[in-house]
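Okay, my_file29.tsv now, which holds TSV, C-alpha atoms:
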```tsv
chain	number	residue	atom	x	y	z
A	24	MET	CA	18.79	5.88	-36.14
A	25	SER	CA	17.79	8.68	-38.52
A	26	VAL	CA	21.29	8.74	-40.06
A	27	GLU	CA	21.75	4.97	-40.23
A	28	LEU	CA	18.43	3.95	-41.75
A	29	PRO	CA	19.18	5.26	-45.27
A	30	LEU	CA	22.49	3.38	-45.21
A	31	TRP	CA	20.78	0.14	-44.22
A	32	ARG	CA	18.16	0.66	-46.88
A	33	ALA	CA	20.93	1.10	-49.44
A	34	MET	CA	22.58	-2.13	-48.21
A	35	GLY	CA	19.34	-4.01	-48.77
A	36	TYR	CA	19.02	-2.72	-52.33
A	37	PHE	CA	22.68	-3.50	-53.00
A	38	ARG	CA	22.30	-7.14	-51.94
A	39	VAL	CA	19.32	-7.67	-54.23
A	40	LEU	CA	20.98	-5.96	-57.19
A	41	ALA	CA	24.25	-7.82	-56.57
A	42	LEU	CA	22.32	-11.10	-56.55
A	43	GLY	CA	20.76	-10.21	-59.89
A	44	TYR	CA	24.22	-9.43	-61.28
A	45	ALA	CA	25.60	-12.79	-60.05
A	46	LEU	CA	22.71	-14.68	-61.69
A	47	LEU	CA	23.20	-12.90	-65.00
A	48	ARG	CA	26.96	-13.52	-64.98
A	49	TYR	CA	26.48	-17.20	-64.31
A	50	LEU	CA	23.71	-17.47	-66.90
A	51	ALA	CA	26.08	-16.09	-69.53
A	52	SER	CA	28.92	-18.50	-68.74
A	53	TYR	CA	27.58	-21.57	-66.90
A	54	ASN	CA	28.39	-23.84	-69.89
A	55	ASP	CA	32.08	-23.10	-69.32
A	56	PHE	CA	32.04	-24.59	-65.80
A	57	LEU	CA	33.01	-28.16	-65.03
A	58	HIS	CA	29.93	-28.72	-62.87
A	59	PRO	CA	27.31	-26.11	-63.88
A	60	VAL	CA	24.45	-27.83	-61.99
A	61	SER	CA	26.28	-27.36	-58.70
A	62	GLY	CA	26.57	-23.68	-59.48
A	63	TRP	CA	22.83	-23.40	-60.10
A	64	ILE	CA	22.08	-25.17	-56.83
A	65	TYR	CA	24.30	-22.74	-54.92
A	66	LEU	CA	22.81	-19.68	-56.61
A	67	GLY	CA	19.31	-20.98	-55.91
A	68	ALA	CA	20.14	-21.30	-52.23
A	69	LEU	CA	21.77	-17.84	-52.31
A	70	THR	CA	18.61	-16.37	-53.85
A	71	LEU	CA	16.40	-17.89	-51.16
A	72	TRP	CA	18.71	-16.65	-48.40
A	73	THR	CA	18.94	-13.14	-49.84
A	74	LEU	CA	15.17	-12.81	-50.09
A	75	ALA	CA	14.60	-14.35	-46.66
A	76	SER	CA	17.12	-12.02	-44.99
A	77	THR	CA	15.95	-8.82	-46.70
A	78	ARG	CA	13.92	-7.74	-43.67
A	79	ALA	CA	16.82	-8.51	-41.37
A	80	PHE	CA	19.00	-6.04	-43.28
A	81	ALA	CA	16.54	-3.20	-42.56
A	82	GLY	CA	18.40	-2.09	-39.44
A	83	PRO	CA	20.98	-3.08	-36.81
A	84	GLU	CA	18.37	-4.45	-34.38
A	85	ARG	CA	17.05	-7.05	-36.83
A	86	CYS	CA	20.42	-7.77	-38.43
A	87	THR	CA	21.77	-9.93	-35.62
A	88	TRP	CA	25.22	-11.50	-35.48
A	89	PRO	CA	23.84	-15.00	-36.33
A	90	VAL	CA	22.29	-13.50	-39.49
A	91	LEU	CA	25.59	-11.87	-40.43
A	92	GLY	CA	27.45	-15.10	-39.65
A	93	THR	CA	25.17	-17.03	-42.01
A	94	ASP	CA	25.69	-14.35	-44.64
A	95	LEU	CA	29.46	-14.70	-44.30
A	96	VAL	CA	29.20	-18.51	-44.60
A	97	PHE	CA	27.27	-18.14	-47.87
A	98	ALA	CA	29.89	-15.75	-49.25
A	99	VAL	CA	32.88	-17.90	-48.24
A	100	PHE	CA	31.26	-21.15	-49.39
A	101	GLY	CA	30.39	-19.63	-52.77
A	102	ILE	CA	33.95	-18.39	-53.28
A	103	VAL	CA	35.52	-21.72	-52.34
A	104	MET	CA	32.94	-23.64	-54.39
A	105	SER	CA	33.86	-21.53	-57.42
A	106	GLY	CA	37.34	-23.04	-57.28
A	107	TRP	CA	35.87	-26.56	-57.26
A	108	ILE	CA	33.44	-26.31	-60.16
A	109	ASP	CA	35.36	-23.97	-62.50
A	110	THR	CA	38.28	-24.80	-64.76
A	111	ALA	CA	41.84	-23.90	-63.81
A	112	GLU	CA	42.26	-21.90	-67.00
A	113	ARG	CA	39.28	-19.68	-66.27
A	114	ILE	CA	40.34	-19.19	-62.67
A	115	HIS	CA	43.89	-18.13	-63.65
A	116	ALA	CA	42.40	-15.86	-66.31
A	117	GLY	CA	40.54	-13.96	-63.59
A	118	ALA	CA	37.04	-15.46	-63.82
A	119	PRO	CA	34.72	-14.10	-61.11
A	120	THR	CA	33.45	-16.22	-58.25
A	121	LEU	CA	29.86	-17.43	-58.00
A	122	PRO	CA	28.69	-14.66	-55.59
A	123	THR	CA	30.82	-11.98	-57.33
A	124	ILE	CA	30.09	-8.56	-55.75
A	125	TRP	CA	27.34	-10.01	-53.53
A	126	ALA	CA	30.08	-10.79	-51.01
A	127	ALA	CA	30.65	-7.06	-50.57
A	128	GLY	CA	27.15	-6.82	-49.07
A	129	THR	CA	28.30	-9.09	-46.24
A	130	VAL	CA	31.17	-6.74	-45.43
A	131	LEU	CA	28.79	-3.77	-45.48
A	132	GLY	CA	26.45	-5.59	-43.09
A	133	TYR	CA	29.28	-6.15	-40.63
A	134	ALA	CA	30.22	-2.45	-40.96
A	135	GLY	CA	26.66	-1.34	-40.22
A	136	LYS	CA	26.29	-3.65	-37.25
A	137	GLY	CA	29.58	-3.16	-35.45
A	138	GLY	CA	31.68	-0.51	-37.16
A	139	TRP	CA	34.98	-0.71	-38.98
A	140	ARG	CA	36.59	-3.52	-36.94
A	141	PRO	CA	33.96	-6.20	-37.71
A	142	ALA	CA	33.98	-4.96	-41.32
A	143	ALA	CA	37.75	-5.48	-41.50
A	144	PHE	CA	37.31	-8.99	-40.05
A	145	ALA	CA	34.68	-9.96	-42.65
A	146	ALA	CA	36.78	-8.52	-45.48
A	147	ALA	CA	39.83	-10.45	-44.25
A	148	VAL	CA	37.86	-13.74	-44.11
A	149	ILE	CA	36.49	-13.25	-47.62
A	150	GLY	CA	39.94	-12.25	-48.86
A	151	ALA	CA	41.45	-15.40	-47.36
A	152	ALA	CA	38.75	-17.48	-49.08
A	153	ASN	CA	39.67	-15.87	-52.40
A	154	ILE	CA	43.36	-16.62	-51.92
A	155	LEU	CA	42.98	-20.17	-50.59
A	156	GLY	CA	40.00	-21.33	-52.61
A	157	HIS	CA	39.94	-19.32	-55.83
A	158	GLY	CA	43.05	-18.29	-57.69
A	159	GLY	CA	45.65	-17.89	-54.95
A	160	ILE	CA	47.62	-14.66	-54.65
A	161	SER	CA	47.00	-12.74	-57.85
A	162	PRO	CA	46.70	-9.05	-58.80
A	163	ASP	CA	42.94	-9.39	-59.23
A	164	ASN	CA	42.46	-11.03	-55.84
A	165	LEU	CA	44.65	-8.49	-54.07
A	166	HIS	CA	42.81	-5.65	-55.80
A	167	ASN	CA	39.43	-7.02	-54.71
A	168	ILE	CA	40.61	-7.57	-51.13
A	169	VAL	CA	41.90	-4.00	-50.85
A	170	LEU	CA	38.61	-2.64	-52.18
A	171	LEU	CA	36.62	-4.67	-49.64
A	172	LEU	CA	38.82	-3.51	-46.78
A	173	VAL	CA	38.71	0.15	-47.76
A	174	ALA	CA	34.94	0.23	-48.43
A	175	GLY	CA	34.01	-1.75	-45.33
A	176	CYS	CA	36.28	0.16	-42.95
A	177	ALA	CA	35.26	3.54	-44.37
A	178	ILE	CA	31.52	2.87	-44.09
A	179	GLY	CA	31.97	1.31	-40.65
A	180	TYR	CA	33.89	4.36	-39.43
A	181	VAL	CA	31.23	6.72	-40.82
A	182	ILE	CA	28.49	4.77	-39.03
A	183	GLU	CA	30.45	4.90	-35.76
A	184	LEU	CA	30.76	8.68	-36.10
A	185	ALA	CA	27.05	8.99	-36.90
A	186	ARG	CA	26.10	6.99	-33.80
A	187	ALA	CA	28.41	9.01	-31.58
A	188	SER	CA	27.02	12.28	-32.98
A	189	GLU	CA	23.42	11.19	-32.43
A	190	ALA	CA	24.24	10.11	-28.88
A	191	VAL	CA	25.76	13.53	-28.15
A	192	LEU	CA	22.77	15.28	-29.72
A	193	THR	CA	20.31	13.17	-27.73
A	194	ARG	CA	22.15	13.93	-24.50
A	195	ALA	CA	22.22	17.65	-25.31
A	196	LEU	CA	18.46	17.66	-25.95
A	197	GLN	CA	17.86	15.83	-22.66
A	198	VAL	CA	20.01	18.34	-20.77
A	199	GLU	CA	18.21	21.24	-22.47
A	200	ALA	CA	14.79	19.79	-21.58
A	201	ALA	CA	15.87	19.24	-17.96
A	202	THR	CA	17.27	22.76	-17.76
A	203	ARG	CA	14.07	24.28	-19.11
A	204	GLU	CA	12.02	22.30	-16.58
A	205	ARG	CA	14.25	23.41	-13.71
A	206	GLU	CA	13.96	27.02	-14.87
A	207	ARG	CA	10.19	26.69	-14.94
A	208	LEU	CA	10.17	25.27	-11.41
A	209	SER	CA	12.56	27.96	-10.20
A	210	ARG	CA	10.22	30.65	-11.57
A	211	ASP	CA	7.33	29.15	-9.61
A	212	ILE	CA	9.49	29.01	-6.48
A	213	HIS	CA	10.62	32.61	-7.03
A	214	ASP	CA	7.02	33.79	-7.25
A	215	GLY	CA	6.01	31.71	-4.22
A	216	VAL	CA	8.86	33.07	-2.10
A	217	LEU	CA	7.83	36.60	-3.00
A	218	GLN	CA	4.29	35.75	-1.96
A	219	VAL	CA	5.48	34.43	1.40
A	220	LEU	CA	7.66	37.48	2.00
A	221	ALA	CA	4.79	39.80	1.10
A	222	LEU	CA	2.53	37.98	3.57
A	223	VAL	CA	5.16	38.26	6.30
A	224	HIS	CA	5.37	41.98	5.60
A	225	ARG	CA	1.62	42.63	5.53
A	226	GLN	CA	0.13	40.01	7.86
A	227	GLN	CA	2.65	39.04	10.47
A	228	GLY	CA	-0.11	37.67	12.69
A	229	ASP	CA	-1.53	35.22	10.14
A	230	ALA	CA	0.60	32.23	11.18
A	231	ALA	CA	-1.70	29.59	9.65
A	232	GLU	CA	-1.59	31.12	6.16
A	233	LEU	CA	2.15	31.65	6.46
A	234	GLY	CA	2.63	28.00	7.43
A	235	ARG	CA	0.57	26.81	4.47
A	236	LEU	CA	2.58	28.87	2.00
A	237	ALA	CA	5.86	27.80	3.59
A	238	GLY	CA	4.82	24.16	3.17
A	239	GLU	CA	4.05	24.74	-0.50
A	240	GLN	CA	7.49	26.26	-1.03
A	241	GLU	CA	9.14	23.33	0.74
A	242	ARG	CA	7.47	20.90	-1.67
A	243	ALA	CA	8.47	23.05	-4.62
A	244	LEU	CA	12.09	23.17	-3.47
A	245	ARG	CA	12.18	19.40	-3.04
A	246	ALA	CA	10.73	18.97	-6.54
A	247	LEU	CA	13.40	21.27	-7.94
A	248	MET	CA	16.18	19.27	-6.27
A	249	THR	CA	14.83	15.86	-7.30
A	250	GLY	CA	13.58	16.80	-10.77
A	251	ALA	CA	10.00	15.77	-9.91
A	252	GLN	CA	6.89	17.58	-11.10
A	253	LEU	CA	4.34	18.89	-8.66
A	254	PRO	CA	0.82	17.55	-9.25
A	255	GLU	CA	-0.60	21.02	-9.60
A	256	GLN	CA	1.98	21.84	-12.28
A	257	ALA	CA	0.82	19.20	-14.72
A	258	ASP	CA	-0.56	20.52	-17.97
A	259	PRO	CA	-4.31	20.95	-17.48
A	260	GLY	CA	-5.09	20.63	-21.19
A	261	GLY	CA	-8.08	22.16	-22.92
A	262	GLU	CA	-8.79	25.90	-23.03
A	263	ALA	CA	-9.12	28.47	-20.27
A	264	ASP	CA	-10.49	31.97	-20.10
A	265	LEU	CA	-7.65	34.37	-19.31
A	266	ARG	CA	-9.95	37.04	-17.81
A	267	PRO	CA	-10.68	35.44	-14.39
A	268	LEU	CA	-7.01	34.53	-13.98
A	269	ILE	CA	-6.10	38.19	-14.47
A	270	ALA	CA	-9.08	39.59	-12.58
A	271	ARG	CA	-8.00	38.00	-9.29
A	272	HIS	CA	-5.19	40.57	-9.12
A	273	ALA	CA	-7.65	43.47	-9.02
A	274	ASP	CA	-7.95	45.50	-5.80
A	275	GLU	CA	-8.24	49.11	-4.77
A	276	ARG	CA	-4.84	49.94	-6.32
A	277	ILE	CA	-4.88	47.61	-9.34
A	278	THR	CA	-7.36	48.19	-12.16
A	279	VAL	CA	-8.09	45.46	-14.72
A	280	ALA	CA	-9.58	46.16	-18.14
A	281	ALA	CA	-10.49	43.12	-20.24
A	282	PRO	CA	-12.83	42.29	-23.16
A	283	ALA	CA	-16.44	41.46	-22.43
A	284	THR	CA	-16.13	38.12	-24.24
A	285	PRO	CA	-13.97	35.18	-23.07
A	286	VAL	CA	-10.28	35.30	-23.96
A	287	LEU	CA	-9.76	31.60	-24.61
A	288	LEU	CA	-6.20	30.25	-24.57
A	289	PRO	CA	-4.67	26.80	-24.08
A	290	GLY	CA	-4.75	26.01	-20.37
A	291	PRO	CA	-0.96	26.02	-19.82
A	292	VAL	CA	-0.59	29.26	-21.80
A	293	ALA	CA	-3.28	31.04	-19.82
A	294	ALA	CA	-1.77	29.88	-16.50
A	295	GLU	CA	1.77	30.96	-17.41
A	296	LEU	CA	0.61	34.29	-18.86
A	297	ALA	CA	-1.32	35.03	-15.66
A	298	ALA	CA	1.74	34.05	-13.61
A	299	ALA	CA	3.88	36.48	-15.64
A	300	VAL	CA	1.34	39.22	-14.87
A	301	GLY	CA	1.58	38.32	-11.18
A	302	ALA	CA	5.38	38.55	-11.34
A	303	ALA	CA	5.10	42.00	-12.93
A	304	LEU	CA	2.77	43.14	-10.11
A	305	ASP	CA	5.19	41.75	-7.53
A	306	ASN	CA	7.86	43.97	-9.06
A	307	VAL	CA	5.50	46.93	-8.79
A	308	ARG	CA	4.99	46.28	-5.07
A	309	ARG	CA	8.69	45.79	-4.40
A	310	HIS	CA	10.07	48.71	-6.39
A	311	ALA	CA	7.20	51.18	-6.62
A	312	GLY	CA	5.86	50.70	-3.10
A	313	GLU	CA	2.64	49.34	-1.61
A	314	SER	CA	0.82	52.58	-2.42
A	315	ALA	CA	1.65	52.51	-6.14
A	316	ARG	CA	-1.21	52.10	-8.58
A	317	ALA	CA	-1.18	49.69	-11.52
A	318	TRP	CA	-3.36	49.16	-14.57
A	319	ILE	CA	-3.75	45.86	-16.46
A	320	LEU	CA	-5.09	45.91	-20.02
A	321	VAL	CA	-6.02	42.66	-21.82
A	322	GLU	CA	-6.31	42.85	-25.61
A	323	ASP	CA	-7.66	39.89	-27.59
A	324	GLU	CA	-6.81	40.20	-31.28
A	325	PRO	CA	-7.02	37.58	-34.07
A	326	ALA	CA	-3.23	37.43	-34.35
A	327	ALA	CA	-2.24	37.58	-30.69
A	328	VAL	CA	-3.24	38.19	-27.08
A	329	THR	CA	-1.49	41.13	-25.43
A	330	VAL	CA	-1.50	41.96	-21.73
A	331	SER	CA	-0.03	45.28	-20.59
A	332	VAL	CA	0.85	46.07	-16.98
A	333	ARG	CA	1.55	49.77	-16.27
A	334	ASP	CA	2.30	51.47	-12.95
A	335	ASP	CA	2.82	55.03	-11.68
A	336	GLY	CA	6.02	54.29	-9.80
A	337	PRO	CA	9.44	55.96	-10.16
A	338	GLY	CA	10.52	53.80	-13.12
A	339	PHE	CA	14.14	52.81	-13.67
A	340	PRO	CA	17.07	54.04	-15.76
A	341	ALA	CA	18.36	52.35	-18.90
A	342	GLY	CA	20.62	49.37	-18.19
A	343	ARG	CA	19.10	48.63	-14.80
A	344	LEU	CA	17.64	45.27	-15.86
A	345	ALA	CA	20.94	44.01	-17.26
A	346	GLU	CA	22.70	45.10	-14.08
A	347	ALA	CA	20.13	43.26	-11.93
A	348	GLN	CA	20.51	40.08	-13.99
A	349	ARG	CA	24.30	40.17	-13.63
A	350	ALA	CA	23.84	40.54	-9.88
A	351	GLY	CA	21.68	37.39	-9.79
A	352	ARG	CA	18.29	39.10	-9.40
A	353	LEU	CA	16.33	37.16	-12.01
A	354	GLY	CA	12.74	38.21	-11.35
A	355	VAL	CA	12.28	39.87	-14.74
A	356	ALA	CA	14.64	37.52	-16.64
A	357	GLN	CA	12.96	34.30	-15.48
A	358	SER	CA	9.53	35.01	-14.04
A	359	ILE	CA	8.48	37.32	-16.86
A	360	ARG	CA	10.69	37.00	-19.94
A	361	GLY	CA	11.55	33.36	-19.31
A	362	ARG	CA	7.89	32.39	-19.09
A	363	MET	CA	6.95	34.21	-22.27
A	364	LEU	CA	9.90	32.81	-24.22
A	365	ASP	CA	8.95	29.27	-23.19
A	366	LEU	CA	5.42	29.93	-24.46
A	367	GLY	CA	6.74	31.24	-27.79
A	368	GLY	CA	5.77	34.82	-26.93
A	369	SER	CA	7.61	37.95	-25.92
A	370	ALA	CA	7.91	40.35	-23.00
A	371	GLU	CA	8.96	43.99	-23.45
A	372	LEU	CA	9.59	46.48	-20.66
A	373	TYR	CA	9.44	50.25	-21.16
A	374	SER	CA	10.41	52.78	-18.53
A	375	VAL	CA	11.40	56.40	-18.16
A	376	PRO	CA	12.67	57.56	-14.76
A	377	GLY	CA	9.81	59.30	-12.93
A	378	GLU	CA	7.10	57.96	-15.27
A	379	GLY	CA	6.59	54.40	-14.12
A	380	VAL	CA	7.09	51.08	-15.93
A	381	GLU	CA	5.05	49.35	-18.62
A	382	VAL	CA	5.36	45.59	-19.22
A	383	GLU	CA	3.89	44.30	-22.48
A	384	LEU	CA	3.29	40.54	-22.69
A	385	ARG	CA	2.39	39.20	-26.12
A	386	TRP	CA	1.49	35.64	-27.13
A	387	PRO	CA	0.90	35.02	-30.86
A	388	ARG	CA	-1.88	32.62	-31.71
A	389	ARG	CA	-0.88	29.52	-33.69
A	390	GLY	CA	-1.33	29.82	-37.43
A	391	SER	CA	-1.27	33.62	-37.35
A	392	ASP	CA	1.30	35.88	-38.94
A	393	GLY	CA	1.44	38.21	-35.92
```

As structure tokens, please, write out the structure in this file.
Amino acid sequence: MSVELPLWRAMGYFRVLALGYALLRYLASYNDFLHPVSGWIYLGALTLWTLASTRAFAGPERCTWPVLGTDLVFAVFGIVMSGWIDTAERIHAGAPTLPTIWAAGTVLGYAGKGGWRPAAFAAAVIGAANILGHGGISPDNLHNIVLLLVAGCAIGYVIELARASEAVLTRALQVEAATRERERLSRDIHDGVLQVLALVHRQQGDAAELGRLAGEQERALRALMTGAQLPEQADPGGEADLRPLIARHADERITVAAPATPVLLPGPVAAELAAAVGAALDNVRRHAGESARAWILVEDEPAAVTVSVRDDGPGFPAGRLAEAQRAGRLGVAQSIRGRMLDLGGSAELYSVPGEGVEVELRWPRRGSDG
């Protein structure tokens, strides 16, 4: 409705201004009519109707077909009545009808409500009223009818295009939102599968823990297929300290260095940033080996929070990440970079063969220039 509302607002102003023009025209020439009192009665009723229907012409929901039908009756009746109360000489000389250009507002209303076809219908009815009730077939009448048809059909067609464009845009935004949610769920599933595989590798005898994790992954997979959201994935809201979320990764091979004061972040941001760190450590275990060492550094600055994950593994050559993504291995692309991009942050990876890998995760604080 963002495109249509200005058009409807313009229609409302047009009807009021056109009414004022009709009143002024009649005021200047009512003495020339055969029955001037009848004209004043009609214009009084037209004024009351225009003011009463102003709110209805604020949008297509309020402007119902009965309202537009009543509007069309007022326009047609005023045109036909003009032929009854005016003199034949004035009519043949091209005198305007009682509603004058107010009738064009009716055509515009039909265009806004239903498009160019209803607008063409309303213009044809008003044109027929001009021919049959006021002046017959004349150059002035034909000129006015053509103008009504062209204006009504053009505006109706533009409104149809605007509605179709907004529908396409809305659908595209819905698809984008659904895709982003599925990518988020797939990242969680990717990390959970890696956790299950690591447990199978390290603790083959721990069947209870393996069963629990397998059940969690089953629920996650079902949520991904049905588009549902797991209860534990709902946004927690509030703020969370990033340090304990990172510290849980520490062990004899992983060293964590963090500020002494809390690193407060929005709850969802802290959870996703910690998950990206976990994905980076999973890559260390998979590619650098279980004996590789890793160091995590948390930096809390006014402009941004930066978390660096560095290992002493073999590293990788240039172009390896792009090759892995083309092959369908999306651990870095989704679990790390995808998470940070969704948060409005960034993830950079640096590696030299034989010198390990460094992953730098950066989330800029809102309102900062960093």

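Every protein, DNA or RNA residue with an atom at most 10 Å from Phe144 in chain A, where only C-alpha atoms count and chain neighbours fewer than 2 positions away do not, is listed here: A:Val130, A:Tyr133, A:Ala134, A:Trp139, A:Arg140, A:Pro141, A:Ala142, A:Ala146, A:Ala147, A:Val148, A:Ile149, A:Gly150, A:Leu172, A:Gly175, A:Cys176.
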
For CA of Ala152 in chain A and CA of Arg48 in chain A, the interatomic separation in Å (one decimal):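 Those two atoms sit 20.2 Å apart.
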
So which one's closest to Glu378 in chain A, A:Ala302, A:Leu165, A:Ala315, A:Leu296? Using only C-alpha atoms, please.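 Closest residue, counting only C-alpha atoms: A:Ala315.
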
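Distance annotation: of A:Ala41, A:Val96, A:Asp365, A:Ile124, the residue with the minimal separation from Thr202 in chain A is A:Asp365; atom set is all atoms listed in the file.
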
Quick one: pull the distance between CA of Val103 in chain A and CA of Ala118 in chain A, Å, one decimal.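 Answer for the CA of Val103 in chain A to CA of Ala118 in chain A separation: 13.2 Å.
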
Show which residues sit within 12 Å of Val330 in chain A, as an mmCIF file with C-alpha atoms, in the frame of the given file. Count all atoms listed in the file, and ignore same-chain residues fewer than 4 positions away.
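Okay, part.cif is ready:
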```cif
data_model
loop_
_atom_site.group_PDB
_atom_site.id
_atom_site.type_symbol
_atom_site.label_atom_id
_atom_site.label_comp_id
_atom_site.auth_asym_id
_atom_site.auth_seq_id
_atom_site.Cartn_x
_atom_site.Cartn_y
_atom_site.Cartn_z
ATOM 1 C CA LEU A 265 -7.650 34.370 -19.310
ATOM 2 C CA ARG A 266 -9.950 37.040 -17.810
ATOM 3 C CA ILE A 269 -6.100 38.190 -14.470
ATOM 4 C CA VAL A 279 -8.090 45.460 -14.720
ATOM 5 C CA ALA A 280 -9.580 46.160 -18.140
ATOM 6 C CA ALA A 281 -10.490 43.120 -20.240
ATOM 7 C CA PRO A 282 -12.830 42.290 -23.160
ATOM 8 C CA VAL A 286 -10.280 35.300 -23.960
ATOM 9 C CA ALA A 293 -3.280 31.040 -19.820
ATOM 10 C CA LEU A 296 0.610 34.290 -18.860
ATOM 11 C CA ALA A 297 -1.320 35.030 -15.660
ATOM 12 C CA ALA A 298 1.740 34.050 -13.610
ATOM 13 C CA ALA A 299 3.880 36.480 -15.640
ATOM 14 C CA VAL A 300 1.340 39.220 -14.870
ATOM 15 C CA GLY A 301 1.580 38.320 -11.180
ATOM 16 C CA ALA A 303 5.100 42.000 -12.930
ATOM 17 C CA TRP A 318 -3.360 49.160 -14.570
ATOM 18 C CA ILE A 319 -3.750 45.860 -16.460
ATOM 19 C CA LEU A 320 -5.090 45.910 -20.020
ATOM 20 C CA VAL A 321 -6.020 42.660 -21.820
ATOM 21 C CA GLU A 322 -6.310 42.850 -25.610
ATOM 22 C CA ASP A 323 -7.660 39.890 -27.590
ATOM 23 C CA GLU A 324 -6.810 40.200 -31.280
ATOM 24 C CA MET A 363 6.950 34.210 -22.270
ATOM 25 C CA GLY A 368 5.770 34.820 -26.930
ATOM 26 C CA SER A 369 7.610 37.950 -25.920
ATOM 27 C CA ALA A 370 7.910 40.350 -23.000
ATOM 28 C CA GLU A 371 8.960 43.990 -23.450
ATOM 29 C CA GLU A 381 5.050 49.350 -18.620
ATOM 30 C CA VAL A 382 5.360 45.590 -19.220
ATOM 31 C CA GLU A 383 3.890 44.300 -22.480
ATOM 32 C CA LEU A 384 3.290 40.540 -22.690
ATOM 33 C CA ARG A 385 2.390 39.200 -26.120
ATOM 34 C CA TRP A 386 1.490 35.640 -27.130
ATOM 35 C CA PRO A 387 0.900 35.020 -30.860
#
```

Using CA of Ser61 in chain A and CA of Thr87 in chain A as the two end points, give the distance in Å to one decimal. 29.3 Å

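Proximity of A:Pro59, A:Gly312, A:Gly158, A:Gly82 to Arg32 in chain A, computed with all atoms listed in the file, is greatest for A:Gly82.
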
Which polymer residues have any atom within 12 Å of an atom of Val307 in chain A, counting all atoms listed in the file, with same-chain residues fewer than 3 positions away left out, as a ChimeraX atom specification? /A:276-277,300-304,310-318,332-339,354-355,379-382

Which residue of A:Phe56, A:Glu189, A:Gly132, A:Glu112 approaches Thr93 in chain A most closely, using all atoms listed in the file: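 Among A:Phe56, A:Glu189, A:Gly132, A:Glu112, it is A:Gly132 that comes nearest to Thr93 in chain A.
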
Is it possible to get the residues within 12 Å of (19.2, -5.4, -34.2) (coordinates as in the file, counting only C-alpha atoms) written as a ChimeraX atom specification? /A:24,31,78-91,132-133,135-137

Selection near Ala45 in chain A, 7 Å with all atoms listed in the file, sequence-local residues under 6 positions removed, as a short mmCIF file (atom, residue, chain, number, x, y, z; two decimals) with C-alpha atoms, keeping the file's coordinate frame:
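And here's around-v2.cif as it stands now:
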```cif
data_model
loop_
_atom_site.label_atom_id
_atom_site.label_comp_id
_atom_site.auth_asym_id
_atom_site.auth_seq_id
_atom_site.Cartn_x
_atom_site.Cartn_y
_atom_site.Cartn_z
CA LEU A 121 29.86 -17.43 -58.00
CA PRO A 122 28.69 -14.66 -55.59
CA THR A 123 30.82 -11.98 -57.33
#
```

For Gly43 in chain A, find every residue with an atom within 10 Å (counting only C-alpha atoms), except residues of its own chain fewer than 6 positions away, and show them as a VMD selection string. chain A and resid 37 70 125

Let me make sure I understand: among A:Leu57, A:Leu66, A:Val26, A:Ala270, which one has the smallest atom-to-atom distance to Ile182 in chain A if we use all atoms listed in the file?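 Comparing A:Leu57, A:Leu66, A:Val26, A:Ala270 against Ile182 in chain A, the winner is A:Val26.
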
Give the answer as one residue: which of A:Ala283, A:Leu288, A:Ile108, A:Met34 has the shortest atom-to-atom distance to Trp63 in chain A, using only C-alpha atoms?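 Checking each candidate against Trp63 in chain A, we get A:Ile108 as the closest.
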
Start from the incomplete input, build N, CA, C and O atoms for range 271-278 of chain A, and deliver everything as a PDB file, in the coordinates of the input.
```
ATOM      1  N   ARG A 271      -8.251  38.244 -10.713  1.00  0.00           N
ATOM      2  CA  ARG A 271      -8.000  38.000  -9.290  1.00  0.00           C
ATOM      3  C   ARG A 271      -6.943  38.938  -8.716  1.00  0.00           C
ATOM      4  O   ARG A 271      -6.800  39.038  -7.500  1.00  0.00           O
ATOM      5  N   HIS A 272      -6.193  39.622  -9.588  1.00  0.00           N
ATOM      6  CA  HIS A 272      -5.190  40.570  -9.120  1.00  0.00           C
ATOM      7  C   HIS A 272      -5.798  41.938  -8.798  1.00  0.00           C
ATOM      8  O   HIS A 272      -5.120  42.791  -8.220  1.00  0.00           O
ATOM      9  N   ALA A 273      -7.042  42.149  -9.197  1.00  0.00           N
ATOM     10  CA  ALA A 273      -7.650  43.470  -9.020  1.00  0.00           C
ATOM     11  C   ALA A 273      -7.898  43.770  -7.539  1.00  0.00           C
ATOM     12  O   ALA A 273      -8.321  42.900  -6.771  1.00  0.00           O
ATOM     13  N   ASP A 274      -7.616  44.999  -7.127  1.00  0.00           N
ATOM     14  CA  ASP A 274      -7.950  45.500  -5.800  1.00  0.00           C
ATOM     15  C   ASP A 274      -8.089  47.011  -5.880  1.00  0.00           C
ATOM     16  O   ASP A 274      -8.223  47.564  -6.980  1.00  0.00           O
ATOM     17  N   GLU A 275      -8.025  47.664  -4.744  1.00  0.00           N
ATOM     18  CA  GLU A 275      -8.240  49.110  -4.770  1.00  0.00           C
ATOM     19  C   GLU A 275      -7.116  49.868  -5.469  1.00  0.00           C
ATOM     20  O   GLU A 275      -7.313  51.031  -5.888  1.00  0.00           O
ATOM     21  N   ARG A 276      -5.957  49.263  -5.637  1.00  0.00           N
ATOM     22  CA  ARG A 276      -4.840  49.940  -6.320  1.00  0.00           C
ATOM     23  C   ARG A 276      -4.528  49.356  -7.691  1.00  0.00           C
ATOM     24  O   ARG A 276      -3.705  49.902  -8.415  1.00  0.00           O
ATOM     25  N   ILE A 277      -5.152  48.255  -8.049  1.00  0.00           N
ATOM     26  CA  ILE A 277      -4.880  47.610  -9.340  1.00  0.00           C
ATOM     27  C   ILE A 277      -6.178  47.545 -10.128  1.00  0.00           C
ATOM     28  O   ILE A 277      -7.180  46.973  -9.670  1.00  0.00           O
ATOM     29  N   THR A 278      -6.186  48.144 -11.291  1.00  0.00           N
ATOM     30  CA  THR A 278      -7.360  48.190 -12.160  1.00  0.00           C
ATOM     31  C   THR A 278      -7.147  47.252 -13.338  1.00  0.00           C
ATOM     32  O   THR A 278      -6.088  47.268 -13.978  1.00  0.00           O
TER      33      THR A 278
END
```
